[in-house]
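Colleague: There's a structure below that I have some questions on.
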Amino acid sequence: MADNKPVLSISIVTPDGRVYEHQGDFLVVTTAIGPLGILPKHVPVIATLKVDEVRVKYGEEQDRIAVNGGFIEFSDDTATIVADSAERQSEIDVKRAESARQRAQETIKQAKASHDTDSLARAEVALRRAINRINVANH
């Protein structure tokens with residue numbers, strides 16, 4: 001990145017601490033109403049995030065982070081994402097994520113059979129999180 005080119009400062013924090021901090025040229029998140037791309041000098045925004053990947057592009061490189069809900073606050077070329085949990089692509093244990101996906105699918109099956117709507121809702125969220133982790137890890 002050129003020294004005089006405007007850049008974004010991006011950080012992702014969870015209850016366990018800071019997961020990611022980097023500067024980038026372009027940030028892509030998925031909000032409750034759809035995808036949002038942010039370039040330097042973007043208007044300020046606060047939005048809730050869906051369980052999905054966050055992409056940070058800088059030069060020819062790109063980082064992918066699996067984010068499980070939360071919100072983004074952006075102003076003055078600084079993006080802060082506060083998430084329930086988040087994992088960098090390189091830190092995702094795919095076998096563990098696959099196991100979580102299988103457990104969630106089994107729980108969904110059992111919850112549907114017993115008409116347990118609370119367990120069904122929790123298992124569906126767990127399934128979305130597991131699939132998100134698997135997708136981010138495999139890119």
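Here, A, B, ... name the chains of the structure tokens in the order displayed, residue numbers run from 1 inside each chain, and ligands are numbered from 1 in the same displayed order.
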From the DSSP assignment of the backbone, select every residue of stretch 7-135 of chain A that is strand (DSSP E), and format the answer as an NGL selection string.

Modeller: :A and (8-14 or 17-24 or 26-31 or 34-38 or 45-48 or 52-58 or 61-67 or 71-75 or 78-82 or 86-88)

Colleague: Quick one: everything within 10 Å of A:Asp63, counting only C-alpha atoms, minus sequence neighbours fewer than 4 positions away in the same chain. Send it as a PyMOL selection string.

Modeller: chain A and resi 20+22+24+27+53-58+88-90+136

Colleague: Can you pull out every residue within 6 Å of A:Ile81, counting only C-alpha atoms, but drop anything in the same chain fewer than 4 positions away, and send it as a compact mmCIF listing (two decimals) with all heavy atoms, in the first residue's frame?

Modeller:
```txt
# COMPACT_ATOMS: atom_id res chain seq x y z
N ILE A 12 -11.11 -6.74 15.21
CA ILE A 12 -12.21 -7.64 15.58
C ILE A 12 -11.95 -8.07 17.02
O ILE A 12 -10.88 -8.61 17.32
CB ILE A 12 -12.30 -8.85 14.65
CG1 ILE A 12 -12.53 -8.40 13.20
CG2 ILE A 12 -13.42 -9.80 15.11
CD1 ILE A 12 -12.51 -9.52 12.19
N PHE A 71 -21.65 -6.90 15.89
CA PHE A 71 -21.95 -5.67 15.15
C PHE A 71 -20.65 -5.02 14.69
O PHE A 71 -19.57 -5.34 15.17
CB PHE A 71 -22.80 -4.70 15.99
CG PHE A 71 -22.07 -4.11 17.17
CD1 PHE A 71 -21.38 -2.92 17.07
CD2 PHE A 71 -22.10 -4.75 18.40
CE1 PHE A 71 -20.72 -2.38 18.15
CE2 PHE A 71 -21.45 -4.22 19.50
CZ PHE A 71 -20.75 -3.03 19.37
N ILE A 72 -20.80 -4.11 13.71
CA ILE A 72 -19.68 -3.33 13.21
C ILE A 72 -19.99 -1.86 13.44
O ILE A 72 -21.13 -1.42 13.28
CB ILE A 72 -19.41 -3.59 11.71
CG1 ILE A 72 -18.19 -2.78 11.24
CG2 ILE A 72 -20.63 -3.30 10.86
CD1 ILE A 72 -17.71 -3.14 9.84
```

Colleague: A:Glu21: which residues within 10 Å, counting only C-alpha atoms, same-chain residues fewer than 6 positions away excluded, as a ChimeraX atom specification?

Modeller: /A:9-13,79-80

Colleague: Atoms to include: N, CA and C atoms. Write the selected residues as a CSV table (one decimal), in the first residue's frame.

Modeller:
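Output (again37.csv):
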```csv
chain,number,residue,atom,x,y,z
A,9,SER,N,-8.4,1.0,9.2
A,9,SER,CA,-7.9,0.3,10.3
A,9,SER,C,-9.0,-0.6,10.8
A,10,ILE,N,-8.7,-1.9,10.9
A,10,ILE,CA,-9.8,-2.9,11.2
A,10,ILE,C,-9.4,-3.7,12.4
A,11,SER,N,-10.3,-3.8,13.3
A,11,SER,CA,-10.1,-4.7,14.5
A,11,SER,C,-11.3,-5.5,14.8
A,12,ILE,N,-11.1,-6.7,15.2
A,12,ILE,CA,-12.2,-7.6,15.6
A,12,ILE,C,-11.9,-8.1,17.0
A,13,VAL,N,-12.9,-7.8,17.9
A,13,VAL,CA,-12.8,-8.2,19.3
A,13,VAL,C,-14.0,-9.1,19.7
A,79,ALA,N,-12.7,0.6,11.5
A,79,ALA,CA,-13.8,-0.4,11.6
A,79,ALA,C,-13.5,-1.2,12.9
A,80,THR,N,-14.5,-1.3,13.8
A,80,THR,CA,-14.4,-2.1,14.9
A,80,THR,C,-15.6,-3.1,14.8
```

Colleague: Find the residues around stretch 126-134 of chain A up to 10 Å (only C-alpha atoms counted), leave out those fewer than 2 positions away in its own chain, and share them as number ranges by chain.

Modeller: A: 50-53, 65-69, 85-89, 91-105, 107-108, 120-124, 136-139

Colleague: Tell me, in Å to one decimal, how far atom CA of A:Ser119 is from atom CA of A:Thr48.

Modeller: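 If I compute the distance from atom CA of A:Ser119 to atom CA of A:Thr48, I get 23.8 Å.
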
Colleague: As number ranges by chain, list the residues of stretch 3-117 of chain A assigned to helix (DSSP H, G or I) by DSSP on the backbone atoms of this structure.

Modeller: A: 89-91, 94-114, 117

Colleague: For A:Phe74, list every protein, DNA or RNA residue within 8 Å, evaluated using only C-alpha atoms, and leave out those in the same chain fewer than 2 positions away; present the list as a ChimeraX atom specification.

Modeller: /A:43-46,72,76-80

Colleague: Produce a file of the selected residues containing all heavy atoms, as a PDB file, in the first residue's frame.

Modeller:
```pdb
ATOM      1  N   VAL A  43     -18.996   6.550   4.568  1.00  0.00           N
ATOM      2  CA  VAL A  43     -19.788   7.251   5.578  1.00  0.00           C
ATOM      3  C   VAL A  43     -19.831   6.406   6.851  1.00  0.00           C
ATOM      4  O   VAL A  43     -19.739   5.175   6.795  1.00  0.00           O
ATOM      5  CB  VAL A  43     -21.228   7.550   5.093  1.00  0.00           C
ATOM      6  CG1 VAL A  43     -21.210   8.490   3.902  1.00  0.00           C
ATOM      7  CG2 VAL A  43     -21.984   6.288   4.795  1.00  0.00           C
ATOM      8  N   PRO A  44     -19.975   7.028   8.010  1.00  0.00           N
ATOM      9  CA  PRO A  44     -20.073   6.260   9.257  1.00  0.00           C
ATOM     10  C   PRO A  44     -21.268   5.312   9.231  1.00  0.00           C
ATOM     11  O   PRO A  44     -22.304   5.606   8.647  1.00  0.00           O
ATOM     12  CB  PRO A  44     -20.259   7.339  10.325  1.00  0.00           C
ATOM     13  CG  PRO A  44     -19.661   8.571   9.728  1.00  0.00           C
ATOM     14  CD  PRO A  44     -19.959   8.471   8.251  1.00  0.00           C
ATOM     15  N   VAL A  45     -21.099   4.155   9.876  1.00  0.00           N
ATOM     16  CA  VAL A  45     -22.158   3.153   9.890  1.00  0.00           C
ATOM     17  C   VAL A  45     -22.037   2.299  11.151  1.00  0.00           C
ATOM     18  O   VAL A  45     -20.948   2.069  11.654  1.00  0.00           O
ATOM     19  CB  VAL A  45     -22.103   2.259   8.624  1.00  0.00           C
ATOM     20  CG1 VAL A  45     -20.852   1.430   8.578  1.00  0.00           C
ATOM     21  CG2 VAL A  45     -23.319   1.390   8.505  1.00  0.00           C
ATOM     22  N   ILE A  46     -23.190   1.890  11.648  1.00  0.00           N
ATOM     23  CA  ILE A  46     -23.283   0.873  12.699  1.00  0.00           C
ATOM     24  C   ILE A  46     -24.299  -0.140  12.200  1.00  0.00           C
ATOM     25  O   ILE A  46     -25.389   0.235  11.768  1.00  0.00           O
ATOM     26  CB  ILE A  46     -23.739   1.469  14.048  1.00  0.00           C
ATOM     27  CG1 ILE A  46     -22.696   2.442  14.574  1.00  0.00           C
ATOM     28  CG2 ILE A  46     -23.989   0.355  15.065  1.00  0.00           C
ATOM     29  CD1 ILE A  46     -23.105   3.139  15.859  1.00  0.00           C
ATOM     30  N   ILE A  72     -20.801  -4.112  13.707  1.00  0.00           N
ATOM     31  CA  ILE A  72     -19.685  -3.330  13.210  1.00  0.00           C
ATOM     32  C   ILE A  72     -19.989  -1.864  13.438  1.00  0.00           C
ATOM     33  O   ILE A  72     -21.127  -1.421  13.278  1.00  0.00           O
ATOM     34  CB  ILE A  72     -19.407  -3.593  11.715  1.00  0.00           C
ATOM     35  CG1 ILE A  72     -18.187  -2.779  11.243  1.00  0.00           C
ATOM     36  CG2 ILE A  72     -20.630  -3.298  10.862  1.00  0.00           C
ATOM     37  CD1 ILE A  72     -17.710  -3.140   9.840  1.00  0.00           C
ATOM     38  N   ASP A  76     -14.400   7.442  10.516  1.00  0.00           N
ATOM     39  CA  ASP A  76     -13.032   7.964  10.380  1.00  0.00           C
ATOM     40  C   ASP A  76     -12.039   6.883   9.951  1.00  0.00           C
ATOM     41  O   ASP A  76     -10.936   6.781  10.500  1.00  0.00           O
ATOM     42  CB  ASP A  76     -12.572   8.621  11.684  1.00  0.00           C
ATOM     43  CG  ASP A  76     -13.436   9.805  12.078  1.00  0.00           C
ATOM     44  OD1 ASP A  76     -13.888  10.532  11.169  1.00  0.00           O
ATOM     45  OD2 ASP A  76     -13.673   9.985  13.284  1.00  0.00           O
ATOM     46  N   ASP A  77     -12.427   6.078   8.981  1.00  0.00           N
ATOM     47  CA  ASP A  77     -11.593   5.014   8.423  1.00  0.00           C
ATOM     48  C   ASP A  77     -11.177   3.948   9.436  1.00  0.00           C
ATOM     49  O   ASP A  77     -10.189   3.244   9.254  1.00  0.00           O
ATOM     50  CB  ASP A  77     -10.350   5.586   7.729  1.00  0.00           C
ATOM     51  CG  ASP A  77     -10.717   6.298   6.433  1.00  0.00           C
ATOM     52  OD1 ASP A  77     -11.803   6.021   5.889  1.00  0.00           O
ATOM     53  OD2 ASP A  77      -9.910   7.125   5.958  1.00  0.00           O
ATOM     54  N   THR A  78     -11.938   3.824  10.518  1.00  0.00           N
ATOM     55  CA  THR A  78     -11.676   2.804  11.535  1.00  0.00           C
ATOM     56  C   THR A  78     -12.906   1.924  11.685  1.00  0.00           C
ATOM     57  O   THR A  78     -13.998   2.420  11.960  1.00  0.00           O
ATOM     58  CB  THR A  78     -11.331   3.453  12.886  1.00  0.00           C
ATOM     59  OG1 THR A  78     -10.160   4.264  12.712  1.00  0.00           O
ATOM     60  CG2 THR A  78     -11.066   2.405  13.949  1.00  0.00           C
ATOM     61  N   ALA A  79     -12.712   0.615  11.492  1.00  0.00           N
ATOM     62  CA  ALA A  79     -13.797  -0.351  11.643  1.00  0.00           C
ATOM     63  C   ALA A  79     -13.515  -1.200  12.875  1.00  0.00           C
ATOM     64  O   ALA A  79     -12.429  -1.766  13.008  1.00  0.00           O
ATOM     65  CB  ALA A  79     -13.905  -1.244  10.413  1.00  0.00           C
ATOM     66  N   THR A  80     -14.493  -1.260  13.755  1.00  0.00           N
ATOM     67  CA  THR A  80     -14.398  -2.131  14.921  1.00  0.00           C
ATOM     68  C   THR A  80     -15.556  -3.106  14.849  1.00  0.00           C
ATOM     69  O   THR A  80     -16.712  -2.697  14.772  1.00  0.00           O
ATOM     70  CB  THR A  80     -14.465  -1.324  16.228  1.00  0.00           C
ATOM     71  OG1 THR A  80     -13.402  -0.364  16.224  1.00  0.00           O
ATOM     72  CG2 THR A  80     -14.331  -2.238  17.436  1.00  0.00           C
TER      73      THR A  80
END
```
